[in-house]
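Q: Next comes work10.cif, mmCIF, C-alpha atoms:
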```cif
data_my_file
loop_
_atom_site.label_atom_id
_atom_site.label_comp_id
_atom_site.auth_asym_id
_atom_site.auth_seq_id
_atom_site.Cartn_x
_atom_site.Cartn_y
_atom_site.Cartn_z
CA ASP A 1 118.13 39.85 -41.46
CA ALA A 2 117.24 42.88 -39.38
CA GLY A 3 115.90 45.92 -41.12
CA VAL A 4 116.47 49.49 -40.01
CA THR A 5 115.85 49.95 -36.30
CA GLN A 6 115.38 53.13 -34.30
CA SER A 7 115.19 54.00 -30.63
CA PRO A 8 113.35 55.17 -28.71
CA THR A 9 109.89 54.73 -30.20
CA HIS A 10 108.41 57.74 -28.47
CA LEU A 11 109.90 60.63 -26.58
CA ILE A 12 108.50 63.64 -24.75
CA LYS A 13 110.75 66.61 -24.08
CA THR A 14 110.39 70.17 -22.86
CA ARG A 15 111.29 73.29 -24.83
CA GLY A 16 114.97 74.13 -24.55
CA GLN A 17 116.05 70.58 -23.78
CA GLN A 18 118.30 68.41 -25.90
CA VAL A 19 117.48 65.03 -27.42
CA THR A 20 119.43 62.15 -28.98
CA LEU A 21 117.82 59.67 -31.34
CA ARG A 22 119.48 56.46 -32.48
CA CYS A 23 119.44 54.38 -35.66
CA SER A 24 120.92 51.06 -36.73
CA PRO A 25 121.01 50.53 -40.50
CA LYS A 26 119.86 47.47 -42.38
CA SER A 27 122.47 44.73 -42.56
CA GLY A 28 124.90 45.43 -45.40
CA HIS A 29 124.12 49.14 -45.55
CA ASP A 30 126.77 51.73 -44.80
CA THR A 31 124.92 55.01 -45.33
CA VAL A 32 122.37 56.59 -43.02
CA SER A 33 120.04 59.50 -43.68
CA TRP A 34 117.74 61.30 -41.26
CA TYR A 35 114.37 62.86 -42.04
CA GLN A 36 111.81 64.92 -40.16
CA GLN A 37 108.17 64.19 -40.96
CA ALA A 38 105.61 66.60 -39.57
CA LEU A 39 102.01 65.43 -39.33
CA GLY A 40 100.39 65.28 -42.76
CA GLN A 41 103.55 66.18 -44.64
CA GLY A 42 106.26 64.43 -46.59
CA PRO A 43 109.61 63.58 -45.01
CA GLN A 44 112.12 66.43 -45.03
CA PHE A 45 115.77 65.52 -45.49
CA ILE A 46 118.00 66.55 -42.58
CA PHE A 47 121.37 65.02 -43.49
CA GLN A 48 123.18 61.93 -44.72
CA TYR A 49 126.21 60.18 -43.21
CA TYR A 50 128.76 57.91 -44.84
CA GLU A 51 132.18 56.92 -43.54
CA GLU A 52 131.40 58.86 -40.36
CA GLU A 53 131.13 62.11 -42.32
CA GLU A 54 128.15 64.29 -43.11
CA ARG A 55 127.90 64.05 -46.90
CA GLN A 56 124.74 66.03 -47.60
CA ARG A 57 122.60 68.37 -45.56
CA GLY A 58 119.10 69.70 -46.02
CA ASN A 59 117.77 73.07 -44.94
CA PHE A 60 117.97 72.55 -41.16
CA PRO A 61 119.64 74.79 -38.57
CA ASP A 62 122.82 73.89 -36.74
CA ARG A 63 120.74 72.81 -33.75
CA PHE A 64 120.42 69.56 -35.67
CA SER A 65 123.63 67.56 -35.64
CA GLY A 66 124.55 63.97 -36.14
CA HIS A 67 127.15 61.32 -35.85
CA GLN A 68 127.94 58.01 -37.48
CA PHE A 69 129.88 55.29 -35.71
CA PRO A 70 132.34 52.76 -37.18
CA ASN A 71 129.60 50.09 -37.12
CA TYR A 72 127.49 52.41 -39.37
CA SER A 73 124.90 53.18 -36.70
CA SER A 74 124.00 56.81 -36.28
CA GLU A 75 122.68 59.39 -33.85
CA LEU A 76 120.65 62.53 -34.43
CA ASN A 77 121.02 65.26 -31.84
CA VAL A 78 118.71 68.24 -31.54
CA ASN A 79 119.61 71.07 -29.17
CA ALA A 80 117.45 73.86 -27.74
CA LEU A 81 114.22 72.10 -28.67
CA LEU A 82 111.35 74.17 -30.04
CA LEU A 83 107.66 73.26 -30.16
CA GLY A 84 108.02 73.08 -33.94
CA ASP A 85 110.51 70.24 -33.61
CA SER A 86 107.64 67.92 -32.68
CA ALA A 87 107.51 65.36 -35.48
CA LEU A 88 108.27 61.80 -36.52
CA TYR A 89 112.00 61.39 -37.07
CA LEU A 90 112.83 58.76 -39.63
CA CYS A 91 116.12 57.11 -40.32
CA ALA A 92 116.84 55.49 -43.67
CA SER A 93 119.77 53.41 -44.82
CA ASN A 94 121.29 52.34 -48.13
CA GLU A 95 124.53 51.21 -49.73
CA TYR A 96 126.60 54.21 -50.72
CA ARG A 97 128.07 52.97 -53.97
CA ASP A 98 125.88 50.18 -55.25
CA SER A 99 122.35 51.28 -54.58
CA TYR A 100 120.26 54.39 -54.26
CA GLU A 101 117.33 52.55 -52.65
CA GLN A 102 116.69 53.80 -49.14
CA TYR A 103 114.94 51.69 -46.54
CA PHE A 104 113.24 53.46 -43.66
CA GLY A 105 113.09 52.61 -40.00
CA PRO A 106 109.87 52.81 -37.96
CA GLY A 107 110.69 56.29 -36.69
CA THR A 108 110.85 58.04 -33.35
CA ARG A 109 107.86 60.19 -32.42
CA LEU A 110 109.19 63.30 -30.63
CA THR A 111 106.79 65.55 -28.77
CA VAL A 112 108.06 68.87 -27.43
CA THR A 113 105.90 70.53 -24.78
CA GLY B 114 117.53 73.86 -54.44
CA GLU B 115 115.26 71.11 -55.63
CA ASN B 116 111.49 71.51 -55.33
CA VAL B 117 109.06 68.64 -55.83
CA GLU B 118 105.36 69.16 -56.40
CA GLN B 119 102.81 66.36 -56.29
CA HIS B 120 99.23 66.13 -57.51
CA PRO B 121 96.55 65.39 -56.59
CA SER B 122 96.70 65.71 -52.81
CA THR B 123 93.80 63.28 -52.45
CA LEU B 124 92.49 60.66 -54.85
CA SER B 125 89.53 58.32 -54.56
CA VAL B 126 89.01 55.49 -57.01
CA GLN B 127 86.73 52.48 -57.23
CA GLU B 128 88.29 49.10 -56.65
CA GLY B 129 89.61 47.76 -59.95
CA ASP B 130 90.10 51.19 -61.51
CA SER B 131 93.49 52.78 -62.22
CA ALA B 132 95.14 55.54 -60.21
CA VAL B 133 97.69 58.05 -61.47
CA ILE B 134 99.77 60.38 -59.31
CA LYS B 135 101.99 63.02 -60.89
CA CYS B 136 105.10 64.79 -59.65
CA THR B 137 107.23 67.56 -61.07
CA TYR B 138 110.74 68.52 -60.06
CA SER B 139 112.85 71.60 -60.65
CA ASP B 140 116.50 70.50 -60.61
CA SER B 141 117.62 69.01 -63.92
CA ALA B 142 120.54 67.38 -62.06
CA SER B 143 118.15 65.04 -60.21
CA ASN B 144 118.83 61.51 -61.33
CA TYR B 145 116.85 59.15 -59.09
CA PHE B 146 113.11 59.16 -58.47
CA PRO B 147 111.61 56.77 -55.89
CA TRP B 148 108.01 56.31 -54.84
CA TYR B 149 107.06 55.42 -51.28
CA LYS B 150 103.83 54.11 -49.78
CA GLN B 151 103.07 55.01 -46.18
CA GLU B 152 100.20 53.41 -44.32
CA LEU B 153 98.86 55.07 -41.20
CA GLY B 154 101.34 54.87 -38.36
CA LYS B 155 103.88 52.94 -40.39
CA ARG B 156 107.19 53.65 -42.04
CA PRO B 157 107.43 54.70 -45.71
CA GLN B 158 108.05 51.69 -47.92
CA LEU B 159 109.76 51.86 -51.29
CA ILE B 160 107.39 50.52 -53.94
CA ILE B 161 109.16 51.42 -57.16
CA ASP B 162 111.91 53.70 -58.39
CA ILE B 163 113.41 54.92 -61.63
CA ARG B 164 116.73 56.39 -62.64
CA SER B 165 117.18 59.22 -65.08
CA ASN B 166 118.54 56.99 -67.85
CA VAL B 167 115.26 55.05 -68.04
CA GLY B 168 111.89 56.28 -69.29
CA GLU B 169 109.60 53.68 -67.81
CA LYS B 170 109.66 50.87 -65.28
CA LYS B 171 106.97 48.36 -64.37
CA ASP B 172 106.47 45.95 -61.49
CA GLN B 173 103.25 43.95 -61.67
CA ARG B 174 100.38 46.45 -61.13
CA ILE B 175 102.69 49.41 -60.55
CA ALA B 176 104.54 51.46 -63.15
CA VAL B 177 106.50 54.69 -63.15
CA THR B 178 107.19 56.93 -66.13
CA LEU B 179 109.78 59.69 -66.35
CA ASN B 180 109.91 62.63 -68.73
CA LYS B 181 113.28 64.32 -68.19
CA THR B 182 112.61 67.08 -70.68
CA ALA B 183 109.44 68.16 -68.93
CA LYS B 184 110.85 67.27 -65.50
CA HIS B 185 107.92 65.18 -64.42
CA PHE B 186 107.32 61.60 -63.39
CA SER B 187 104.19 59.65 -62.65
CA LEU B 188 103.05 56.63 -60.68
CA HIS B 189 100.45 54.37 -62.26
CA ILE B 190 98.58 51.74 -60.27
CA THR B 191 96.28 49.42 -62.22
CA GLU B 192 93.53 47.14 -60.90
CA THR B 193 93.51 48.95 -57.57
CA GLN B 194 92.66 47.03 -54.41
CA PRO B 195 91.54 48.27 -50.97
CA GLU B 196 95.01 47.48 -49.58
CA ASP B 197 96.44 50.08 -51.97
CA SER B 198 94.81 52.75 -49.78
CA ALA B 199 97.65 54.78 -48.23
CA VAL B 200 99.62 57.99 -48.64
CA TYR B 201 102.03 57.93 -51.56
CA PHE B 202 105.14 60.12 -51.72
CA CYS B 203 107.34 60.83 -54.68
CA ALA B 204 110.90 62.03 -54.25
CA ALA B 205 113.78 63.33 -56.33
CA SER B 206 117.42 62.84 -55.54
CA THR B 207 120.57 64.53 -56.73
CA TRP B 208 124.04 63.14 -56.29
CA ASN B 209 126.90 65.32 -55.08
CA TYR B 210 129.28 63.42 -52.82
CA GLY B 211 126.11 61.96 -51.29
CA GLN B 212 122.38 61.83 -51.94
CA ASN B 213 120.00 64.65 -51.15
CA PHE B 214 116.36 63.60 -51.30
CA VAL B 215 113.45 66.01 -51.66
CA PHE B 216 110.00 64.53 -51.09
CA GLY B 217 106.68 65.68 -52.46
CA PRO B 218 103.85 66.55 -50.05
CA GLY B 219 102.06 63.25 -50.61
CA THR B 220 98.84 61.92 -52.15
CA ARG B 221 96.21 60.22 -50.02
CA LEU B 222 94.77 57.40 -52.12
CA SER B 223 91.49 55.81 -51.10
CA VAL B 224 90.31 52.71 -52.94
CA LEU B 225 86.59 52.27 -52.43
CA PRO B 226 85.20 48.71 -52.42
#
```
Step by step, read the file and then write its structure as structure tokens.
A:
Amino acid sequence: DAGVTQSPTHLIKTRGQQVTLRCSPKSGHDTVSWYQQALGQGPQFIFQYYEEEERQRGNFPDRFSGHQFPNYSSELNVNALLLGDSALYLCASNEYRDSYEQYFGPGTRLTVT
Amino acid sequence: GENVEQHPSTLSVQEGDSAVIKCTYSDSASNYFPWYKQELGKRPQLIIDIRSNVGEKKDQRIAVTLNKTAKHFSLHITETQPEDSAVYFCAASTWNYGQNFVFGPGTRLSVLP
């Protein structure tokens, strides 16, 4: 039973560019959340997707957008990258109705130069 | 919005001793409180959680207590072992058409042999 997977593992981008990160939820999970974790800090909630809709959003600008596909996988898009966007981006999945427990993927390390 | 504070930021204990990490939250609507352990370079892993209708939960050497009136919850680890060394994060979640998680800043626990 595969857990949460993310791709790519690492990514280097230049300021102003755009990036897309991908996440496949744990088998049986239908809800995906995205987090940004800066070095030495706790994860910060970006948004949560269920039934292909954004259900909750944290305090992030519109440069951060997402999508959920019918197979429950998800993408995080970040436009007009800033140096401050450099962080570990974590995806977490859970069952929307039956469980609050979120399981995290290994993350994508994004470096903006 | 929700704000989660966590103390202490670092904690060193001798192997076999107990460790206690405390978190406070601000939003009385929060109803789910998970604790995550994150080892260096790895994903956060859920170690225990508690819902707002329960005051205490225990799983072997780990326990969590919740005081809804005071809006604080604590993680207790007994008989600590070197493999307990990691960063621990608390979080609070509110439900409104989806979950919105707010994480604390983390506690770096070192268990000295």
Q: Residues near Pro25 of chain A, anyone? I mean within 7 Å using only C-alpha atoms, not counting same-chain ones fewer than 6 positions away, as a PyMOL selection string.
A: chain A and resi 3-5+32+72-73+93
Q: Using the chain letters and numbering of this document, enumerate as number ranges by chain the residues selected by the PyMOL selection byres ((chain A) within 12 of (chain B)).
A: A: 3-6, 9, 31-51, 53-59, 88-97, 99-109
Q: Mind listing as a list in words all residues within 6 Å of (117.9, 69.3, -25.8), counting all atoms listed in the file?
A: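 Those within range, by chain then number, are Gly16, Gln17, Gln18, Val19, Val78, Asn79, Ala80 and Leu81 of chain A.
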Q: Find the residues near Leu76 of chain A: any atom within 7 Å, counting all atoms listed in the file, skip ones fewer than 5 places away on the same chain, and give them as a list in words.
A: Thr20, Leu21, Arg22, Ser65, Gly66 and His67 of chain A
Q: I need the residues from that last selection saved to file as a PDB file, in the frame of the given file (with C-alpha atoms), if you can.
A:
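Generated file (again.pdb):
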```
ATOM      1  CA  THR A  20     119.430  62.150 -28.980  1.00  0.00           C
ATOM      2  CA  LEU A  21     117.820  59.670 -31.340  1.00  0.00           C
ATOM      3  CA  ARG A  22     119.480  56.460 -32.480  1.00  0.00           C
ATOM      4  CA  SER A  65     123.630  67.560 -35.640  1.00  0.00           C
ATOM      5  CA  GLY A  66     124.550  63.970 -36.140  1.00  0.00           C
ATOM      6  CA  HIS A  67     127.150  61.320 -35.850  1.00  0.00           C
TER       7      HIS A  67
END
```
Q: Dig up all the protein and nucleic acid residues within 12 Å of (116.6, 56.9, -66.2) in the file frame, using only C-alpha atoms, and format them as a list in words.
A: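 Every polymer residue passing the test: Ala142, Ser143, Asn144, Tyr145, Phe146, Pro147, Asp162, Ile163, Arg164, Ser165, Asn166, Val167, Gly168, Glu169, Lys170, Val177, Thr178, Leu179, Asn180, Lys181, Thr182, Lys184 and Phe186 of chain B.
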Q: Selection from above, C-alpha atoms, as a CSV table (one decimal), keeping the file's coordinate frame, can you write it?
A:
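Below you can see again_11.csv, which holds the result:
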```
chain,number,residue,atom,x,y,z
B,142,ALA,CA,120.5,67.4,-62.1
B,143,SER,CA,118.2,65.0,-60.2
B,144,ASN,CA,118.8,61.5,-61.3
B,145,TYR,CA,116.8,59.2,-59.1
B,146,PHE,CA,113.1,59.2,-58.5
B,147,PRO,CA,111.6,56.8,-55.9
B,162,ASP,CA,111.9,53.7,-58.4
B,163,ILE,CA,113.4,54.9,-61.6
B,164,ARG,CA,116.7,56.4,-62.6
B,165,SER,CA,117.2,59.2,-65.1
B,166,ASN,CA,118.5,57.0,-67.8
B,167,VAL,CA,115.3,55.0,-68.0
B,168,GLY,CA,111.9,56.3,-69.3
B,169,GLU,CA,109.6,53.7,-67.8
B,170,LYS,CA,109.7,50.9,-65.3
B,177,VAL,CA,106.5,54.7,-63.2
B,178,THR,CA,107.2,56.9,-66.1
B,179,LEU,CA,109.8,59.7,-66.4
B,180,ASN,CA,109.9,62.6,-68.7
B,181,LYS,CA,113.3,64.3,-68.2
B,182,THR,CA,112.6,67.1,-70.7
B,184,LYS,CA,110.8,67.3,-65.5
B,186,PHE,CA,107.3,61.6,-63.4
```
Q: One number please: atom CA of Leu11 of chain A to atom CA of Asp85 of chain A, in Å, one decimal.
A: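 Between these atoms lies a distance of 11.9 Å.
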Q: Which value, in Å to one decimal, gives the distance between atom CA of Asp197 of chain B and atom CA of Leu222 of chain B?
A: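 A separation of 7.5 Å between them.
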Q: Could you tell me which residues the PyMOL selection byres ((chain B and resi 188) around 6) returns for this structure, as a list in words?
A: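 Written out, the selection comes to Val133, Ile134, Ala176, Val177, Ser187 and His189 of chain B.
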Q: Do you know which residues are at most 7 Å from Thr111 of chain A counting all atoms listed in the file, after dropping those on the same chain fewer than 2 positions away, and could you put them as a compact mmCIF listing (two decimals) with C-alpha atoms, in the coordinates of the input?
A:
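Saved the output as around_0.txt:
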```
# COMPACT_ATOMS: atom_id res chain seq x y z
CA LEU A 11 109.90 60.63 -26.58
CA ILE A 12 108.50 63.64 -24.75
CA LYS A 13 110.75 66.61 -24.08
CA SER A 86 107.64 67.92 -32.68
CA ALA A 87 107.51 65.36 -35.48
CA ARG A 109 107.86 60.19 -32.42
CA THR A 113 105.90 70.53 -24.78
```
Q: Separation of atom CA of Thr191 of chain B and atom CA of Ser131 of chain B, in Å?
A: 4.4 Å
Q: Residues at most 12 Å from Glu196 of chain B, counting all atoms listed in the file, excluding those fewer than 4 positions away in the same chain, as a list in words?
A: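 Everything that qualifies: Glu128, Gly129, Lys150, Gln151, Glu152, Leu153, Glu192, Val200, Leu222, Ser223, Val224, Leu225 and Pro226 of chain B.
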Q: Give me the result of the PyMOL selection byres ((chain A and resi 27) around 9) on this file, residue by residue, as a list in words.
A: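 When the PyMOL selection byres ((chain A and resi 27) around 9) is applied to the shown file, the picked residues are Asp1, Ala2, Gly3, Val4, Ser24, Pro25, Lys26, Gly28, His29 and Asp30 of chain A.
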Q: Provide segment 81-108 of chain A rebuilt to N, CA and C atoms, formatted as a compact mmCIF listing (two decimals), keeping the file's coordinate frame.
A:
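Result saved to result_16.txt:
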```
# COMPACT_ATOMS: atom_id res chain seq x y z
N LEU A 81 115.45 72.53 -28.02
CA LEU A 81 114.22 72.10 -28.67
C LEU A 81 113.16 73.20 -28.70
N LEU A 82 112.48 73.26 -29.85
CA LEU A 82 111.35 74.17 -30.04
C LEU A 82 110.08 73.34 -30.21
N LEU A 83 108.93 73.97 -29.98
CA LEU A 83 107.66 73.26 -30.16
C LEU A 83 107.56 72.72 -31.58
N GLY A 84 108.09 73.47 -32.55
CA GLY A 84 108.02 73.08 -33.94
C GLY A 84 108.88 71.88 -34.30
N ASP A 85 109.69 71.43 -33.36
CA ASP A 85 110.51 70.24 -33.61
C ASP A 85 109.70 68.96 -33.39
N SER A 86 108.49 69.09 -32.88
CA SER A 86 107.64 67.92 -32.68
C SER A 86 107.33 67.29 -34.04
N ALA A 87 107.67 66.03 -34.19
CA ALA A 87 107.51 65.36 -35.48
C ALA A 87 107.91 63.89 -35.32
N LEU A 88 107.74 63.16 -36.41
CA LEU A 88 108.27 61.80 -36.52
C LEU A 88 109.64 61.90 -37.17
N TYR A 89 110.65 61.36 -36.52
CA TYR A 89 112.00 61.39 -37.07
C TYR A 89 112.32 60.01 -37.63
N LEU A 90 112.58 60.00 -38.91
CA LEU A 90 112.83 58.76 -39.63
C LEU A 90 114.29 58.64 -40.00
N CYS A 91 114.78 57.45 -39.88
CA CYS A 91 116.12 57.11 -40.32
C CYS A 91 115.98 56.20 -41.54
N ALA A 92 116.85 56.36 -42.50
CA ALA A 92 116.84 55.49 -43.67
C ALA A 92 118.27 55.07 -43.98
N SER A 93 118.42 53.87 -44.49
CA SER A 93 119.77 53.41 -44.82
C SER A 93 119.85 52.88 -46.26
N ASN A 94 121.04 52.89 -46.80
CA ASN A 94 121.29 52.34 -48.13
C ASN A 94 122.78 52.05 -48.27
N GLU A 95 123.13 51.42 -49.39
CA GLU A 95 124.53 51.21 -49.73
C GLU A 95 125.01 52.41 -50.53
N TYR A 96 126.14 52.96 -50.13
CA TYR A 96 126.60 54.21 -50.72
C TYR A 96 126.88 54.07 -52.21
N ARG A 97 127.59 53.04 -52.59
CA ARG A 97 128.07 52.97 -53.97
C ARG A 97 127.18 52.16 -54.91
N ASP A 98 126.55 51.13 -54.36
CA ASP A 98 125.88 50.18 -55.25
C ASP A 98 124.38 50.42 -55.41
N SER A 99 123.81 51.21 -54.55
CA SER A 99 122.35 51.28 -54.58
C SER A 99 121.87 52.63 -54.09
N TYR A 100 120.86 53.16 -54.75
CA TYR A 100 120.26 54.39 -54.26
C TYR A 100 119.07 54.10 -53.34
N GLU A 101 118.57 52.85 -53.36
CA GLU A 101 117.33 52.55 -52.65
C GLU A 101 117.50 52.72 -51.15
N GLN A 102 116.67 53.57 -50.58
CA GLN A 102 116.69 53.80 -49.14
C GLN A 102 115.58 53.01 -48.47
N TYR A 103 115.92 52.42 -47.33
CA TYR A 103 114.94 51.69 -46.54
C TYR A 103 114.77 52.41 -45.20
N PHE A 104 113.53 52.67 -44.84
CA PHE A 104 113.24 53.46 -43.66
C PHE A 104 113.04 52.60 -42.42
N GLY A 105 113.41 53.20 -41.29
CA GLY A 105 113.09 52.61 -40.00
C GLY A 105 111.69 53.01 -39.57
N PRO A 106 111.24 52.53 -38.42
CA PRO A 106 109.87 52.81 -37.96
C PRO A 106 109.69 54.23 -37.44
N GLY A 107 110.79 54.91 -37.15
CA GLY A 107 110.69 56.29 -36.69
C GLY A 107 110.66 56.43 -35.18
N THR A 108 110.99 57.64 -34.75
CA THR A 108 110.85 58.04 -33.35
C THR A 108 109.91 59.23 -33.32
```
